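> Got a file for you: query_1.cif, mmCIF, C-alpha atoms.
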data_start
#
loop_
_atom_site.label_atom_id
_atom_site.label_comp_id
_atom_site.auth_asym_id
_atom_site.auth_seq_id
_atom_site.Cartn_x
_atom_site.Cartn_y
_atom_site.Cartn_z
CA MET A 714 -9.26 -4.77 49.08
CA LYS A 715 -9.42 -1.09 48.29
CA ASN A 716 -6.05 -1.35 46.57
CA HIS A 717 -7.32 -4.20 44.49
CA LYS A 718 -10.27 -2.17 43.29
CA SER A 719 -8.26 0.89 42.40
CA PHE A 720 -5.84 -1.30 40.50
CA LEU A 721 -8.68 -2.68 38.39
CA LEU A 722 -9.96 0.83 37.84
CA LEU A 723 -6.51 1.91 36.69
CA LEU A 724 -6.37 -1.07 34.34
CA LEU A 725 -9.73 -0.12 32.85
CA PHE A 726 -8.51 3.45 32.47
CA CYS A 727 -5.49 2.22 30.54
CA LEU A 728 -7.78 0.37 28.16
CA LEU A 729 -9.81 3.47 27.35
CA PRO A 730 -7.59 4.75 24.52
CA VAL A 731 -7.75 1.31 22.89
CA LEU A 732 -11.52 1.39 22.94
CA ALA A 733 -11.54 4.89 21.52
CA ILE A 734 -9.74 3.93 18.29
CA ALA A 735 -12.20 4.66 15.55
CA GLY A 736 -13.49 1.97 13.27
CA PRO A 737 -16.70 1.05 11.53
CA LYS A 738 -19.47 -0.05 13.82
CA GLY A 739 -21.01 -3.46 13.59
CA ALA A 740 -21.33 -6.80 15.28
CA PRO A 741 -18.50 -9.34 14.83
CA LYS A 742 -19.01 -11.23 11.61
CA PRO A 743 -19.32 -15.00 11.40
CA PRO A 744 -16.14 -16.93 10.60
CA ILE A 745 -15.44 -17.95 7.02
CA VAL A 746 -16.32 -21.60 6.43
CA PHE A 747 -15.71 -23.79 3.40
CA ASP A 748 -17.43 -26.97 2.20
CA ASP A 749 -14.69 -27.90 -0.24
CA PRO A 750 -11.19 -28.56 1.20
CA GLN A 751 -9.59 -27.65 -2.14
CA VAL A 752 -11.22 -24.21 -2.08
CA GLU A 753 -10.14 -23.76 1.52
CA GLN A 754 -6.55 -24.59 0.59
CA ASP A 755 -6.64 -22.11 -2.31
CA TYR A 756 -8.02 -19.52 0.07
CA GLN A 757 -5.24 -20.12 2.61
CA GLU A 758 -2.54 -19.87 -0.04
CA LEU A 759 -3.98 -16.70 -1.56
CA ALA A 760 -4.56 -14.94 1.74
CA GLU A 761 -0.95 -15.61 2.69
CA GLU A 762 0.35 -14.10 -0.55
CA LEU A 763 -1.82 -10.98 -0.43
CA ARG A 764 -0.72 -7.99 1.57
CA CYS A 765 -2.98 -6.09 3.93
CA LEU A 766 -3.03 -2.47 2.71
CA VAL A 767 -3.67 -1.02 6.16
CA CYS A 768 -0.90 -2.71 8.13
CA GLN A 769 1.51 -3.20 5.30
CA ASN A 770 3.83 -5.70 6.88
CA GLN A 771 1.09 -8.28 7.38
CA ASN A 772 -0.71 -10.51 4.95
CA LEU A 773 -4.47 -10.95 4.87
CA ILE A 774 -4.36 -14.00 7.14
CA ASP A 775 -2.39 -12.25 9.89
CA SER A 776 -4.11 -8.89 9.84
CA ASN A 777 -6.92 -7.91 12.15
CA ALA A 778 -7.66 -4.76 10.20
CA ASP A 779 -11.25 -4.27 9.15
CA LEU A 780 -10.29 -3.97 5.51
CA ALA A 781 -8.31 -7.22 5.69
CA ASP A 782 -11.42 -8.96 6.97
CA ASP A 783 -13.49 -7.54 4.11
CA LEU A 784 -10.86 -8.63 1.60
CA ARG A 785 -10.65 -12.14 3.11
CA ARG A 786 -14.40 -12.47 2.72
CA GLU A 787 -14.22 -11.15 -0.83
CA VAL A 788 -11.47 -13.66 -1.70
CA ALA A 789 -13.46 -16.51 -0.10
CA LYS A 790 -16.63 -15.45 -1.93
CA MET A 791 -14.95 -15.39 -5.32
CA LEU A 792 -13.30 -18.77 -4.78
CA LYS A 793 -16.65 -20.27 -3.75
CA GLN A 794 -18.15 -18.87 -6.93
CA GLY A 795 -15.68 -21.05 -8.78
CA LYS A 796 -13.12 -18.42 -9.75
CA ASN A 797 -9.53 -19.65 -9.83
CA LYS A 798 -6.59 -18.17 -7.97
CA GLU A 799 -5.34 -16.22 -11.00
CA GLN A 800 -8.70 -14.49 -11.41
CA VAL A 801 -8.83 -13.54 -7.74
CA THR A 802 -5.26 -12.23 -7.87
CA GLU A 803 -6.15 -10.19 -10.96
CA PHE A 804 -9.17 -8.74 -9.14
CA MET A 805 -6.93 -7.56 -6.32
CA VAL A 806 -4.16 -6.20 -8.56
CA ASN A 807 -6.69 -4.25 -10.64
CA ARG A 808 -7.79 -2.41 -7.51
CA TYR A 809 -4.69 -2.15 -5.36
CA GLY A 810 -1.82 -2.64 -7.81
CA ASP A 811 1.17 -4.98 -7.61
CA PHE A 812 1.65 -3.66 -4.09
CA VAL A 813 -0.82 -6.24 -2.75
CA LEU A 814 1.36 -9.09 -3.96
CA TYR A 815 4.03 -10.40 -1.62
CA ASN A 816 5.27 -12.29 -4.64
CA PRO A 817 5.76 -9.51 -7.22
CA PRO A 818 5.70 -10.31 -10.97
CA VAL A 819 8.82 -9.97 -13.14
CA LYS A 820 8.40 -6.69 -15.01
CA SER A 821 10.63 -3.90 -16.28
CA THR A 822 10.10 -2.09 -12.97
CA THR A 823 11.00 -5.12 -10.86
CA TRP A 824 13.98 -6.55 -12.73
CA LEU A 825 16.40 -5.09 -10.19
CA LEU A 826 14.49 -6.81 -7.41
CA TRP A 827 14.61 -10.18 -9.11
CA GLY A 828 18.00 -9.87 -10.85
CA GLY A 829 19.87 -7.97 -8.14
CA PRO A 830 20.76 -10.97 -5.96
CA PHE A 831 22.09 -12.91 -8.95
CA VAL A 832 24.15 -9.93 -10.12
CA LEU A 833 25.60 -9.65 -6.61
CA MET A 834 26.34 -13.36 -6.57
CA PHE A 835 28.18 -13.22 -9.91
CA VAL A 836 30.18 -10.21 -8.78
CA GLY A 837 31.09 -12.10 -5.61
CA VAL A 838 32.17 -15.21 -7.48
CA PHE A 839 34.18 -13.09 -9.94
CA VAL A 840 36.00 -11.26 -7.15
CA LEU A 841 36.66 -14.53 -5.35
CA LEU A 842 38.11 -16.20 -8.45
CA LYS A 843 40.30 -13.18 -9.11
CA LYS A 844 41.61 -13.27 -5.54
CA ILE A 845 42.35 -16.98 -5.72
CA ARG A 846 44.19 -16.55 -8.99
CA ALA A 847 46.18 -13.61 -7.65
CA ASN A 848 47.15 -15.65 -4.58
CA LYS A 849 48.32 -18.54 -6.73
CA GLN A 850 50.47 -16.28 -8.88
CA GLU A 851 51.90 -14.69 -5.77
CA SER A 852 52.94 -18.04 -4.33
CA GLN A 853 54.47 -19.05 -7.68
CA THR A 854 56.49 -15.88 -7.95
CA ASP A 855 57.56 -16.34 -4.34
CA SER A 856 59.22 -19.67 -5.12
CA ALA A 857 60.74 -18.30 -8.29
CA ASP A 858 62.33 -15.51 -6.32
CA LEU A 859 64.64 -17.92 -4.48
CA SER A 860 68.26 -17.56 -5.32
CA ASP A 861 70.19 -20.58 -6.64
CA GLU A 862 71.80 -21.04 -3.27
CA GLU A 863 68.47 -21.08 -1.52
CA LYS A 864 67.06 -23.53 -4.05
CA GLN A 865 69.94 -25.87 -3.37
CA LYS A 866 69.27 -25.58 0.34
CA LEU A 867 65.62 -26.40 -0.21
CA GLN A 868 66.46 -29.45 -2.27
CA ASP A 869 68.82 -30.68 0.44
CA ILE A 870 66.15 -30.33 3.10
CA LEU A 871 63.61 -32.17 0.98
CA LYS A 872 66.07 -34.96 0.24
CA ASN A 873 67.00 -35.43 3.87
CA GLN A 874 63.42 -36.04 4.82
CA MET B 959 45.09 1.92 6.37
CA LYS B 960 45.82 -1.22 4.45
CA LYS B 961 44.22 -1.48 1.07
CA GLN B 962 42.73 -4.88 1.79
CA PHE B 963 40.57 -3.41 4.58
CA MET B 964 39.32 -0.58 2.41
CA THR B 965 37.14 -2.66 0.11
CA PRO B 966 34.96 -4.21 2.85
CA LEU B 967 34.72 -0.80 4.50
CA ILE B 968 33.48 0.85 1.30
CA VAL B 969 31.00 -1.97 0.66
CA PHE B 970 29.75 -1.66 4.23
CA GLY B 971 29.43 2.12 3.85
CA LEU B 972 27.38 1.75 0.68
CA LEU B 973 25.13 -0.79 2.39
CA VAL B 974 24.54 1.57 5.31
CA ALA B 975 23.72 4.41 2.90
CA LEU B 976 21.23 2.16 1.09
CA LEU B 977 19.49 1.16 4.32
CA VAL B 978 19.34 4.75 5.61
CA VAL B 979 17.73 5.89 2.36
CA GLY B 980 15.25 3.02 2.68
CA LEU B 981 14.41 4.01 6.24
CA ILE B 982 13.85 7.64 5.34
CA LYS B 983 11.75 6.76 2.32
CA ALA B 984 9.70 4.20 4.27
CA LYS B 985 7.28 6.80 5.60
CA TYR B 986 6.15 7.62 2.07
CA VAL B 987 5.41 4.01 1.26
CA ARG B 988 1.92 4.39 2.73
CA ASP B 989 1.00 6.24 -0.44
CA VAL B 990 0.35 3.18 -2.55
CA PRO B 991 0.15 4.21 -6.21
CA SER B 992 -3.32 3.44 -7.50
CA PRO B 993 -3.59 1.24 -10.59
CA LEU B 994 -6.94 2.94 -11.26
CA ILE B 995 -5.39 6.20 -12.49
CA GLY B 996 -6.30 6.71 -16.14
CA LYS B 997 -8.98 4.04 -16.00
CA PRO B 998 -12.78 4.44 -15.94
CA THR B 999 -14.39 4.63 -12.51
CA PRO B 1000 -15.88 1.43 -11.12
CA VAL B 1001 -19.44 0.87 -12.34
CA PHE B 1002 -22.01 1.10 -9.56
CA ASN B 1003 -25.57 2.05 -8.74
CA LEU B 1004 -26.25 2.47 -5.03
CA PRO B 1005 -28.91 4.16 -2.88
CA ILE B 1006 -27.86 7.52 -1.45
CA VAL B 1007 -27.51 8.51 2.19
CA GLU B 1008 -29.87 11.46 1.88
CA ASP B 1009 -32.75 9.34 0.55
CA LEU B 1010 -32.51 5.56 0.14
CA GLN B 1011 -35.21 5.70 -2.54
CA LYS B 1012 -32.84 7.61 -4.81
CA ASN B 1013 -29.69 6.25 -6.41
CA PHE B 1014 -26.19 7.36 -7.31
CA ASN B 1015 -25.23 5.87 -10.66
CA SER B 1016 -21.61 5.94 -11.84
CA GLU B 1017 -22.88 7.19 -15.24
CA GLU B 1018 -23.61 10.54 -13.59
CA LEU B 1019 -19.88 11.17 -13.24
CA LYS B 1020 -19.45 11.44 -17.01
CA GLY B 1021 -19.63 14.78 -18.81
CA GLN B 1022 -18.16 16.86 -15.98
CA VAL B 1023 -15.06 17.22 -13.86
CA SER B 1024 -15.83 16.13 -10.32
CA LEU B 1025 -14.34 14.85 -7.10
CA VAL B 1026 -15.32 11.58 -5.47
CA ASN B 1027 -14.66 11.57 -1.74
CA ILE B 1028 -14.81 8.42 0.40
CA TRP B 1029 -15.95 9.33 3.91
CA ALA B 1030 -17.44 7.91 7.10
CA SER B 1031 -18.75 9.36 10.33
CA TRP B 1032 -16.44 7.08 12.34
CA CYS B 1033 -13.40 8.43 10.51
CA VAL B 1034 -11.57 10.93 12.71
CA SER B 1035 -9.44 12.59 10.04
CA CYS B 1036 -12.59 13.13 7.93
CA ARG B 1037 -13.57 15.78 10.48
CA ALA B 1038 -10.67 18.04 9.62
CA GLU B 1039 -11.18 17.40 5.94
CA HIS B 1040 -14.89 18.14 6.04
CA GLN B 1041 -14.38 21.89 6.47
CA VAL B 1042 -12.06 21.91 3.46
CA LEU B 1043 -14.68 20.06 1.41
CA ASN B 1044 -17.40 22.49 2.49
CA TYR B 1045 -15.18 25.37 1.44
CA ALA B 1046 -14.35 23.69 -1.89
CA ALA B 1047 -18.01 23.07 -2.69
CA GLN B 1048 -19.42 26.42 -1.55
CA LYS B 1049 -16.65 28.89 -2.38
CA LYS B 1050 -14.76 27.18 -5.16
CA GLY B 1051 -17.71 25.59 -6.90
CA LEU B 1052 -16.22 22.10 -7.05
CA LYS B 1053 -18.63 19.25 -7.65
CA ILE B 1054 -18.04 16.68 -4.96
CA TYR B 1055 -19.70 13.29 -4.89
CA GLY B 1056 -19.49 11.20 -1.75
CA ILE B 1057 -19.20 7.51 -1.02
CA ASN B 1058 -20.22 6.84 2.56
CA TYR B 1059 -18.03 3.88 3.51
CA LYS B 1060 -19.13 1.21 6.03
CA ASP B 1061 -21.18 3.61 8.07
CA ASP B 1062 -24.33 3.63 10.13
CA LEU B 1063 -27.09 5.41 8.19
CA ALA B 1064 -28.32 7.45 11.16
CA ASP B 1065 -24.74 8.47 12.07
CA ALA B 1066 -24.02 9.47 8.48
CA ARG B 1067 -27.17 11.61 8.26
CA GLN B 1068 -26.39 13.20 11.63
CA TRP B 1069 -22.89 14.00 10.37
CA LEU B 1070 -24.19 15.78 7.27
CA ALA B 1071 -26.87 17.62 9.25
CA SER B 1072 -24.47 18.94 11.86
CA ARG B 1073 -21.35 19.60 9.77
CA GLY B 1074 -22.89 20.67 6.49
CA ASN B 1075 -23.25 18.68 3.30
CA PRO B 1076 -20.69 19.50 0.58
CA TYR B 1077 -21.77 16.54 -1.54
CA VAL B 1078 -24.01 16.52 -4.58
CA LYS B 1079 -25.01 13.12 -3.22
CA SER B 1080 -23.40 10.32 -1.24
CA ALA B 1081 -23.68 6.64 -2.15
CA PHE B 1082 -24.43 4.46 0.87
CA ASP B 1083 -21.81 1.70 0.81
CA LYS B 1084 -22.85 -0.20 3.90
CA GLU B 1085 -20.74 -3.32 3.33
CA GLY B 1086 -17.71 -1.53 1.92
CA LEU B 1087 -17.80 -3.52 -1.32
CA LEU B 1088 -17.81 -0.40 -3.50
CA GLY B 1089 -14.83 0.78 -1.46
CA ILE B 1090 -12.92 -2.34 -2.52
CA ASP B 1091 -13.72 -1.58 -6.17
CA TRP B 1092 -12.20 1.88 -5.69
CA GLY B 1093 -9.13 0.34 -4.05
CA VAL B 1094 -9.83 2.10 -0.78
CA TYR B 1095 -7.49 1.22 2.09
CA GLY B 1096 -7.64 4.25 4.33
CA VAL B 1097 -10.56 6.62 4.65
CA PRO B 1098 -10.71 9.45 3.65
CA GLU B 1099 -9.65 9.14 0.04
CA THR B 1100 -10.39 11.57 -2.77
CA PHE B 1101 -10.42 10.97 -6.52
CA ILE B 1102 -10.57 13.45 -9.40
CA ILE B 1103 -12.76 12.31 -12.30
CA ASP B 1104 -12.54 13.84 -15.80
CA GLN B 1105 -15.32 14.42 -18.36
CA GLN B 1106 -14.92 10.91 -19.78
CA GLY B 1107 -15.50 9.43 -16.35
CA HIS B 1108 -11.86 8.42 -15.98
CA ILE B 1109 -9.96 8.64 -12.70
CA ARG B 1110 -7.14 11.17 -13.03
CA TYR B 1111 -5.83 11.56 -9.49
CA LYS B 1112 -6.04 9.87 -6.14
CA HIS B 1113 -5.41 11.52 -2.80
CA THR B 1114 -5.03 9.25 0.21
CA GLY B 1115 -5.76 10.73 3.62
CA PRO B 1116 -7.45 14.02 4.47
CA VAL B 1117 -7.30 16.84 1.91
CA SER B 1118 -5.78 19.87 3.64
CA ALA B 1119 -6.43 23.46 2.61
CA GLY B 1120 -2.97 23.43 1.05
CA ASP B 1121 -3.66 20.24 -0.91
CA LEU B 1122 -6.85 21.83 -2.21
CA GLU B 1123 -5.10 24.98 -3.44
CA ASN B 1124 -1.91 23.35 -4.71
CA ILE B 1125 -3.07 20.05 -6.17
CA ILE B 1126 -6.82 19.58 -6.44
CA ILE B 1127 -7.95 22.94 -7.84
CA PRO B 1128 -5.13 23.28 -10.44
CA CYS B 1129 -5.85 19.72 -11.58
CA VAL B 1130 -9.60 20.30 -11.85
CA GLU B 1131 -9.11 23.64 -13.65
CA SER B 1132 -6.77 22.19 -16.25
CA LEU B 1133 -9.10 19.25 -16.81
CA LYS B 1134 -12.01 21.65 -17.30
CA ALA B 1135 -9.96 23.65 -19.79
CA GLY B 1136 -9.44 20.41 -21.70
CA LYS B 1137 -5.66 20.59 -21.39
CA GLU B 1138 -3.67 17.40 -21.40
CA VAL B 1139 -2.54 17.25 -17.80
CA HIS B 1140 -0.90 14.96 -15.38
CA CYS B 1141 -2.34 15.70 -11.98
CA GLU B 1142 0.46 15.00 -9.55
CA LYS B 1143 1.80 16.03 -6.23
CA PRO B 1144 4.19 18.96 -6.68
#
Is it possible to express this structure as structure tokens?

Amino acid sequence: MKNHKSFLLLLLFCLLPVLAIAGPKGAPKPPIVFDDPQVEQDYQELAEELRCLVCQNQNLIDSNADLADDLRREVAKMLKQGKNKEQVTEFMVNRYGDFVLYNPPVKSTTWLLWGGPFVLMFVGVFVLLKKIRANKQESQTDSADLSDEEKQKLQDILKNQ
Amino acid sequence: MKKQFMTPLIVFGLLVALLVVGLIKAKYVRDVPSPLIGKPTPVFNLPIVEDLQKNFNSEELKGQVSLVNIWASWCVSCRAEHQVLNYAAQKKGLKIYGINYKDDLADARQWLASRGNPYVKSAFDKEGLLGIDWGVYGVPETFIIDQQGHIRYKHTGPVSAGDLENIIIPCVESLKAGKEVHCEKP
């Protein structure tokens, strides 16, 4: 029984650093609710495309960061006010830059990102074609290299079959 | 080694080099470039921490070179920065305006009373909505504002004594002198 208690105490002790992580005070906020299913769908799509600035490998939906919660509410508020997805995206980009977009726009600074895979693909196809052609030529020259005697032998074998 | 094995090896080597560079650079990615640089500050008019009857209007930032510092009493790294800000305001004569981000009013007042108040005034941004307008994602953040009320520089994270001497003060001085400057990290 005593062991049990000290184990719990140890567990509580382990939790202390977690509790000590600083963040703004305040009671948990109410969940975001929508009346219009279309608005809710827009919200879901947007929040999946927008990056959380605090934990940068998560989108707004996934992130538990305080800022992500604020931004989710801001996105929901604007959509409820009747703003469309483009306007909300513009609002975010004006404040946080293209960095918030998981789906970056095609610009002079992002052409490598968008074009790179295609360039690599073309290079790959080019190299492949070249290899195939080289192989073909090699096999042709191989047969041409046979001496007359060998050719005769080959013909005999083929005939006998 | 046969030539046919060399090509994949070289390609693999280049790929490794690319990924290593990416890994090393990854720690700097946290510094998200602000799209607000060169643009006017967000427009706002909020009550101030010191006296909720009084306001901090964004118009006040025009006509002078100033710093805008986003702070909160719950922010641990603000503690280290606070001494630097006190020094900057008292000894270097910098004008620092504060935005108190998502804080408890009593805690914020206690903070200023016990640690000193380097701010001309601090807007009380209880809900953090002004913070969103400034593109805040990690407190503390510090902005340099020119005479036209345009944002010229953004510093994410606590301003160290070195940052103050090497980046902030040279930038502020050149802005005051009316020189065309690009305030950047050296």
> Running the PyMOL selection byres ((chain B) within 7 of (chain A)) on this model by hand, what would come out? Give it as a PyMOL selection string.
chain B and resi 992-994+1032-1034+1060-1061+1091-1093+1095-1096
> For Leu763 in chain A, list every protein, DNA or RNA residue within 8 Å, evaluated using only C-alpha atoms, and leave out those in the same chain fewer than 2 positions away; present the list as JSON, numbers by chain.
{"A": [759, 760, 761, 765, 772, 773, 813, 814, 815]}
> Evaluate the PyMOL selection byres ((chain B and resi 1040) around 9) on the structure here and hand back the selected residues as a list of chain:residue names.
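Given this file, the PyMOL selection byres ((chain B and resi 1040) around 9) evaluates to B:Ser1035, B:Cys1036, B:Arg1037, B:Ala1038, B:Glu1039, B:Gln1041, B:Val1042, B:Leu1043, B:Asn1044, B:Tyr1045, B:Arg1073, B:Gly1074, B:Asn1075, B:Pro1076, B:Pro1116, B:Val1117.
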> Kindly give the distance, in Å, that separates CA of Pro1005 in chain B and CA of Ala1081 in chain B, rounded to a single decimal.
5.8 Å
> Could you expand the PyMOL selection byres ((chain B and resi 1007-1012) around 7) into the explicit residues it covers here, written as a list of chain:residue names?
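With the PyMOL selection byres ((chain B and resi 1007-1012) around 7) on this model, the match is B:Pro1005, B:Ile1006, B:Asn1013, B:Leu1063, B:Arg1067, B:Ser1080, B:Ala1081, B:Phe1082.
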> How would the residues just picked look written out with C-alpha atoms as a short mmCIF file (atom, residue, chain, number, x, y, z; two decimals), in the coordinates of the input?

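Below is the file out-v5.cif, written as the result:
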data_model
loop_
_atom_site.label_atom_id
_atom_site.label_comp_id
_atom_site.auth_asym_id
_atom_site.auth_seq_id
_atom_site.Cartn_x
_atom_site.Cartn_y
_atom_site.Cartn_z
CA PRO B 1005 -28.91 4.16 -2.88
CA ILE B 1006 -27.86 7.52 -1.45
CA ASN B 1013 -29.69 6.25 -6.41
CA LEU B 1063 -27.09 5.41 8.19
CA ARG B 1067 -27.17 11.61 8.26
CA SER B 1080 -23.40 10.32 -1.24
CA ALA B 1081 -23.68 6.64 -2.15
CA PHE B 1082 -24.43 4.46 0.87
#
> Give me, please, the distance in Å between CA of Val746 in chain A and CA of Glu803 in chain A, quoted to one decimal.
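CA of Glu803 in chain A lies at a distance of 23.2 Å from CA of Val746 in chain A.
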> Enter the distance from CA of Leu1052 in chain B to CA of Asn1015 in chain B, in Å, rounded to one decimal.
18.9 Å
> Taking 3 positions as the minimum chain separation for residues in the same chain, which residues sit within 12 Å of Glu758 in chain A when counting only C-alpha atoms? Answer as a ChimeraX atom specification.
/A:751-755,761-763,772-774,785,788-789,792,798-799,801-802,815-816
> Could you list, as JSON, numbers by chain, every residue within 6 Å of Phe1101 in chain B, counting all atoms listed in the file and ignoring same-chain residues fewer than 6 positions away?
{"B": [1025, 1026, 1111, 1112]}
